[in-house]
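Working notes, beginning with the structure itself.
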Amino acid sequence: MSSQRLDINQVLQTYRLPSLHPDLQPYQFKDELHHSLMNYECGVYPRVYERINKIYQYRKTKAARKLEPSLWQSYYPHLDVTERLHKLIIEEMAKPDFPQRDPDFFKLLGQIWTDKDTESWGQSSSFLELLLGIADGMPLSKHAHHMMTSTEQDKLAELPDELTVFRGHVHPLLQGISWTLKLDVALLFAVGNPLQSSVSVGTVQKSDVIALIDRWDEDELIVLTRDVYEIETHPIDDRWCPIERTAPWQKS
């Protein structure tokens, strides 16, 4: 074992999921949410409340942090999000230099991955692996680090060479490209999941990290699971049911 790790089972004893924002609670029916700013036909479970709350606050205040010029918002703006994503995949994969593209292509990917209007397959591991070329076994472009903003690149550079990372996932499968430096964030994707789930902890070399994405304040690391080692997986059982905790808007 490379370093002393947190006792996840001990952390679970006191962990509590966030509650859905009070403004949205009257508009939730089972696993659906129908609000003028938020509309989900299914999949609204406690594990995604914090993400939904962030999107709601973003849209309500219109105070998004513009860390990079939004190439994505100007990409076929007359099309809806799903059509734009489909257009992107078709056009980019047809180009002879795919996926060894220029920095703007990877800036675009970073913006899609963090865009608060692509809460579907635009933020799925399979989508990102496809556009990075990883899904087809292609070598990663030297420009892939441009998925990060300059602030995120600086933050990654300051991290140690060996990192402890976490991932919440459906049990027993451990696949995907998204890990995090924060146990709390991984637990959001495990506790409260309607399916049997787990949280895994592992170690990764910083040199294997494709990108650090922090525009959601989640310390997310884009890294292939095959590059994570010393993995321990902790199944989440029925004891870890969603219980409200102090929400961000209630803090002084």
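By order of appearance in the structure tokens: chains A, B, ..., then residues from 1 within every chain, and ligands from 1 in the order shown.
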
Point to revise | Spatial neighbours of Leu181 of chain A, max dist 8 Å, only C-alpha atoms, sep filter under 3 positions, as a PyMOL selection string | key: chain A and resi 163-166+218-221

Go ahead and write the selection's residues with N, CA, C and O atoms as a short mmCIF file (atom, residue, chain, number, x, y, z; two decimals), in the first residue's frame.
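Below you can see again-v2.cif, which holds the result:
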```
data_model
loop_
_atom_site.label_atom_id
_atom_site.label_comp_id
_atom_site.auth_asym_id
_atom_site.auth_seq_id
_atom_site.Cartn_x
_atom_site.Cartn_y
_atom_site.Cartn_z
N LEU A 163 -1.25 9.99 -6.33
CA LEU A 163 -2.52 10.52 -5.84
C LEU A 163 -3.45 9.40 -5.40
O LEU A 163 -3.53 8.35 -6.04
N THR A 164 -4.17 9.64 -4.30
CA THR A 164 -5.26 8.75 -3.88
C THR A 164 -6.54 9.26 -4.51
O THR A 164 -6.87 10.44 -4.40
N VAL A 165 -7.25 8.36 -5.19
CA VAL A 165 -8.44 8.77 -5.94
C VAL A 165 -9.63 7.89 -5.55
O VAL A 165 -9.47 6.77 -5.07
N PHE A 166 -10.84 8.42 -5.78
CA PHE A 166 -12.07 7.74 -5.38
C PHE A 166 -13.04 7.73 -6.56
O PHE A 166 -13.01 8.62 -7.42
N GLU A 218 -15.50 19.66 -7.96
CA GLU A 218 -15.52 18.24 -7.61
C GLU A 218 -14.13 17.59 -7.65
O GLU A 218 -14.00 16.39 -7.41
N ASP A 219 -13.08 18.36 -7.94
CA ASP A 219 -11.73 17.79 -8.05
C ASP A 219 -11.75 16.50 -8.86
O ASP A 219 -11.22 15.46 -8.45
N GLU A 220 -12.37 16.56 -10.02
CA GLU A 220 -12.50 15.38 -10.87
C GLU A 220 -11.20 15.14 -11.63
O GLU A 220 -10.58 16.06 -12.15
N LEU A 221 -10.79 13.88 -11.70
CA LEU A 221 -9.64 13.49 -12.49
C LEU A 221 -10.12 12.60 -13.64
O LEU A 221 -10.80 11.60 -13.42
#
```

Give one line per residue of segment 116-196 of chain A that approaches segment 102-109 of chain A to at most 9 Å, naming the two atoms of the closest pair and their distance in Å to one decimal, counting only C-alpha atoms; sort by chain then ascending residue number and deliver it as CSV.
```
residue,atom,partner,partner_atom,distance
A:Leu128,CA,A:Leu109,CA,7.8
A:Leu131,CA,A:Leu109,CA,7.9
A:Leu132,CA,A:Phe106,CA,8.5
A:Ser141,CA,A:Asp102,CA,8.9
A:His143,CA,A:Pro103,CA,5.5
A:Ala144,CA,A:Phe106,CA,5.8
A:His145,CA,A:Phe106,CA,7.5
A:His146,CA,A:Phe106,CA,5.3
A:Met147,CA,A:Lys107,CA,4.7
A:Met148,CA,A:Lys107,CA,7.0
A:Thr149,CA,A:Lys107,CA,7.9
```

**Study point:** Residue contacts of Ser197 of chain A (7 Å, only C-alpha atoms) excluding same-chain residues fewer than 6 positions away, as a list in words
**Key:**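 Answer for this query is His169, Val170, His171, Ala190, Pro235 and Ile236 of chain A.
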
Applying 8 Å and only C-alpha atoms, which residues near segment 223-232 of chain A remain after dropping the ones on its own chain fewer than 2 positions away? List them as a PDB file with C-alpha atoms, in the first residue's frame.
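Result went into around.pdb, see below:
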```pdb
ATOM      1  CA  MET A   1       0.000   0.000   0.000  1.00  0.00           C
ATOM      2  CA  LEU A 174     -15.755  -0.456 -11.941  1.00  0.00           C
ATOM      3  CA  GLN A 175     -15.393   1.206 -15.300  1.00  0.00           C
ATOM      4  CA  GLY A 176     -15.371   4.695 -16.652  1.00  0.00           C
ATOM      5  CA  ILE A 177     -12.936   7.541 -16.925  1.00  0.00           C
ATOM      6  CA  SER A 178     -13.944   9.824 -14.054  1.00  0.00           C
ATOM      7  CA  TRP A 179     -12.379   9.671 -10.573  1.00  0.00           C
ATOM      8  CA  SER A 200     -13.656   2.446  -4.718  1.00  0.00           C
ATOM      9  CA  VAL A 201     -10.359   3.952  -3.640  1.00  0.00           C
ATOM     10  CA  GLY A 202      -7.133   3.582  -5.578  1.00  0.00           C
ATOM     11  CA  THR A 203      -3.781   5.126  -6.388  1.00  0.00           C
ATOM     12  CA  VAL A 204      -2.725   6.788  -9.632  1.00  0.00           C
ATOM     13  CA  GLN A 205       0.422   8.427 -10.887  1.00  0.00           C
ATOM     14  CA  ASP A 208      -1.302   9.097 -16.027  1.00  0.00           C
ATOM     15  CA  VAL A 209      -3.936  11.772 -15.374  1.00  0.00           C
ATOM     16  CA  ILE A 210      -5.440  13.063 -18.624  1.00  0.00           C
ATOM     17  CA  ALA A 211      -7.029  16.125 -17.028  1.00  0.00           C
ATOM     18  CA  LEU A 221      -9.644  13.486 -12.494  1.00  0.00           C
ATOM     19  CA  HIS A 234     -16.464  -1.045  -0.645  1.00  0.00           C
TER      20      HIS A 234
END
```

Practice item. Among the residues of segment 42-217 of chain A, find those DSSP assigns to strand (DSSP E or B) from the backbone and print them as a PyMOL selection string. Key: chain A and resi 162-170+178-180+197-205+211-213

Practice item. Considering only C-alpha atoms, state which residue in the set A:Pro22, A:Gln73, A:Asp136, A:Tyr27 is at the smallest distance from Met93 of chain A. Key: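 Between A:Pro22, A:Gln73, A:Asp136, A:Tyr27, the residue approaching Met93 of chain A most closely is A:Asp136.
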
Show me a table, sorted first by chain and then by increasing residue number, of the residues of segment 162-208 of chain A having an atom at most 12 Å from segment 41-63 of chain A, each with its shortest atom pair and the distance in Å to one decimal, counting only C-alpha atoms and written as CSV.
```
residue,atom,partner,partner_atom,distance
A:Gly168,CA,A:Arg47,CA,9.9
A:His169,CA,A:Arg47,CA,11.0
A:Val170,CA,A:Arg47,CA,11.9
A:Asp184,CA,A:Glu50,CA,11.0
A:Val185,CA,A:Glu50,CA,9.4
A:Ala186,CA,A:Arg47,CA,9.8
A:Leu187,CA,A:Arg47,CA,8.0
A:Leu188,CA,A:Arg47,CA,4.9
A:Phe189,CA,A:Arg47,CA,5.3
A:Ala190,CA,A:Arg47,CA,6.8
A:Val191,CA,A:Arg47,CA,6.2
A:Gly192,CA,A:Arg47,CA,4.8
A:Asn193,CA,A:Arg47,CA,5.8
A:Pro194,CA,A:Tyr45,CA,7.3
A:Leu195,CA,A:Tyr45,CA,10.6
A:Ser197,CA,A:Arg47,CA,11.0
```

Fewer than 6 positions away in the same chain doesn't count, so skip those; otherwise give me all residues within 12 Å of Leu130 of chain A, counting only C-alpha atoms, as a CSV table (one decimal) with C-alpha atoms, in the first residue's frame.
```
chain,number,residue,atom,x,y,z
A,88,LEU,CA,-19.8,16.9,-33.3
A,89,ILE,CA,-19.2,13.2,-33.2
A,90,ILE,CA,-19.9,12.7,-36.9
A,92,GLU,CA,-14.8,15.2,-35.8
A,93,MET,CA,-14.4,11.5,-36.3
A,98,PHE,CA,-8.8,12.6,-35.5
A,99,PRO,CA,-8.1,12.3,-32.6
A,109,LEU,CA,-14.4,18.8,-25.1
A,121,TRP,CA,-24.7,11.4,-22.8
A,122,GLY,CA,-22.6,14.5,-23.3
A,123,GLN,CA,-21.1,13.8,-19.9
A,124,SER,CA,-20.9,10.0,-20.1
A,136,ASP,CA,-10.7,2.7,-30.3
A,137,GLY,CA,-7.3,2.2,-28.7
A,138,MET,CA,-5.8,5.3,-30.4
A,140,LEU,CA,-3.8,10.1,-26.6
A,176,GLY,CA,-15.4,4.7,-16.7
A,177,ILE,CA,-12.9,7.5,-16.9
```

Exercise for review: Compile the contact shell of His35 of chain A as a ChimeraX atom specification: residues with an atom at most 10 Å away, counting only C-alpha atoms, same-chain residues fewer than 5 positions apart removed.
Suggested key: /A:23-28,40,56

Prev. selection, all heavy atoms, output as a CSV table (one decimal), in the first residue's frame:
```csv
chain,number,residue,atom,x,y,z
A,23,ASP,N,-36.4,25.1,-3.4
A,23,ASP,CA,-37.1,25.6,-4.5
A,23,ASP,C,-37.6,24.5,-5.4
A,23,ASP,O,-38.7,24.7,-6.1
A,23,ASP,CB,-36.3,26.6,-5.3
A,23,ASP,CG,-36.0,27.9,-4.6
A,23,ASP,OD1,-36.5,28.1,-3.4
A,23,ASP,OD2,-35.2,28.7,-5.1
A,24,LEU,N,-36.9,23.4,-5.5
A,24,LEU,CA,-37.2,22.4,-6.4
A,24,LEU,C,-38.0,21.3,-5.8
A,24,LEU,O,-38.7,20.5,-6.6
A,24,LEU,CB,-35.9,21.8,-6.9
A,24,LEU,CG,-34.9,22.7,-7.7
A,24,LEU,CD1,-33.6,22.0,-8.0
A,24,LEU,CD2,-35.6,23.3,-8.9
A,25,GLN,N,-38.1,21.1,-4.5
A,25,GLN,CA,-38.8,20.0,-3.9
A,25,GLN,C,-40.2,19.9,-4.3
A,25,GLN,O,-40.7,18.8,-4.6
A,25,GLN,CB,-38.6,20.1,-2.4
A,25,GLN,CG,-37.2,19.8,-1.9
A,25,GLN,CD,-37.0,20.0,-0.4
A,25,GLN,OE1,-38.0,20.2,0.3
A,25,GLN,NE2,-35.8,20.0,0.0
A,26,PRO,N,-41.0,21.0,-4.4
A,26,PRO,CA,-42.4,20.9,-4.8
A,26,PRO,C,-42.6,20.4,-6.2
A,26,PRO,O,-43.7,20.0,-6.6
A,26,PRO,CB,-43.0,22.3,-4.6
A,26,PRO,CG,-42.0,23.0,-3.8
A,26,PRO,CD,-40.7,22.4,-4.1
A,27,TYR,N,-41.5,20.4,-7.0
A,27,TYR,CA,-41.7,20.0,-8.4
A,27,TYR,C,-41.1,18.6,-8.7
A,27,TYR,O,-41.1,18.2,-9.9
A,27,TYR,CB,-40.9,21.1,-9.3
A,27,TYR,CG,-41.4,22.4,-9.1
A,27,TYR,CD1,-40.9,23.3,-8.2
A,27,TYR,CD2,-42.5,22.9,-9.9
A,27,TYR,CE1,-41.4,24.6,-8.0
A,27,TYR,CE2,-43.0,24.2,-9.8
A,27,TYR,CZ,-42.5,25.0,-8.8
A,27,TYR,OH,-43.0,26.3,-8.7
A,28,GLN,N,-40.8,17.9,-7.7
A,28,GLN,CA,-40.3,16.5,-7.8
A,28,GLN,C,-41.5,15.5,-7.7
A,28,GLN,O,-42.2,15.6,-6.7
A,28,GLN,CB,-39.2,16.2,-6.9
A,28,GLN,CG,-38.6,14.8,-7.1
A,28,GLN,CD,-37.5,14.5,-6.0
A,28,GLN,OE1,-37.4,15.2,-5.0
A,28,GLN,NE2,-36.8,13.4,-6.3
A,40,TYR,N,-36.3,17.0,-15.8
A,40,TYR,CA,-35.7,15.7,-15.9
A,40,TYR,C,-36.9,14.7,-15.9
A,40,TYR,O,-37.7,14.6,-15.0
A,40,TYR,CB,-34.8,15.3,-14.7
A,40,TYR,CG,-33.5,16.1,-14.6
A,40,TYR,CD1,-33.5,17.4,-14.0
A,40,TYR,CD2,-32.4,15.6,-15.2
A,40,TYR,CE1,-32.3,18.1,-13.9
A,40,TYR,CE2,-31.2,16.4,-15.1
A,40,TYR,CZ,-31.2,17.6,-14.5
A,40,TYR,OH,-30.0,18.3,-14.4
A,56,TYR,N,-29.1,24.3,-10.9
A,56,TYR,CA,-30.2,25.2,-10.6
A,56,TYR,C,-29.7,26.6,-10.1
A,56,TYR,O,-30.1,27.6,-10.6
A,56,TYR,CB,-31.1,24.6,-9.5
A,56,TYR,CG,-32.2,25.6,-9.0
A,56,TYR,CD1,-33.2,26.0,-9.8
A,56,TYR,CD2,-32.1,26.1,-7.7
A,56,TYR,CE1,-34.2,26.9,-9.4
A,56,TYR,CE2,-33.1,27.0,-7.3
A,56,TYR,CZ,-34.1,27.4,-8.1
A,56,TYR,OH,-35.0,28.3,-7.7
```

Check your understanding: How far is it from atom CA of Pro160 of chain A to atom CA of Val199 of chain A, in Å with one decimal?
Key ->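 Spanning atom CA of Pro160 of chain A to atom CA of Val199 of chain A is a straight-line distance of 22.8 Å.
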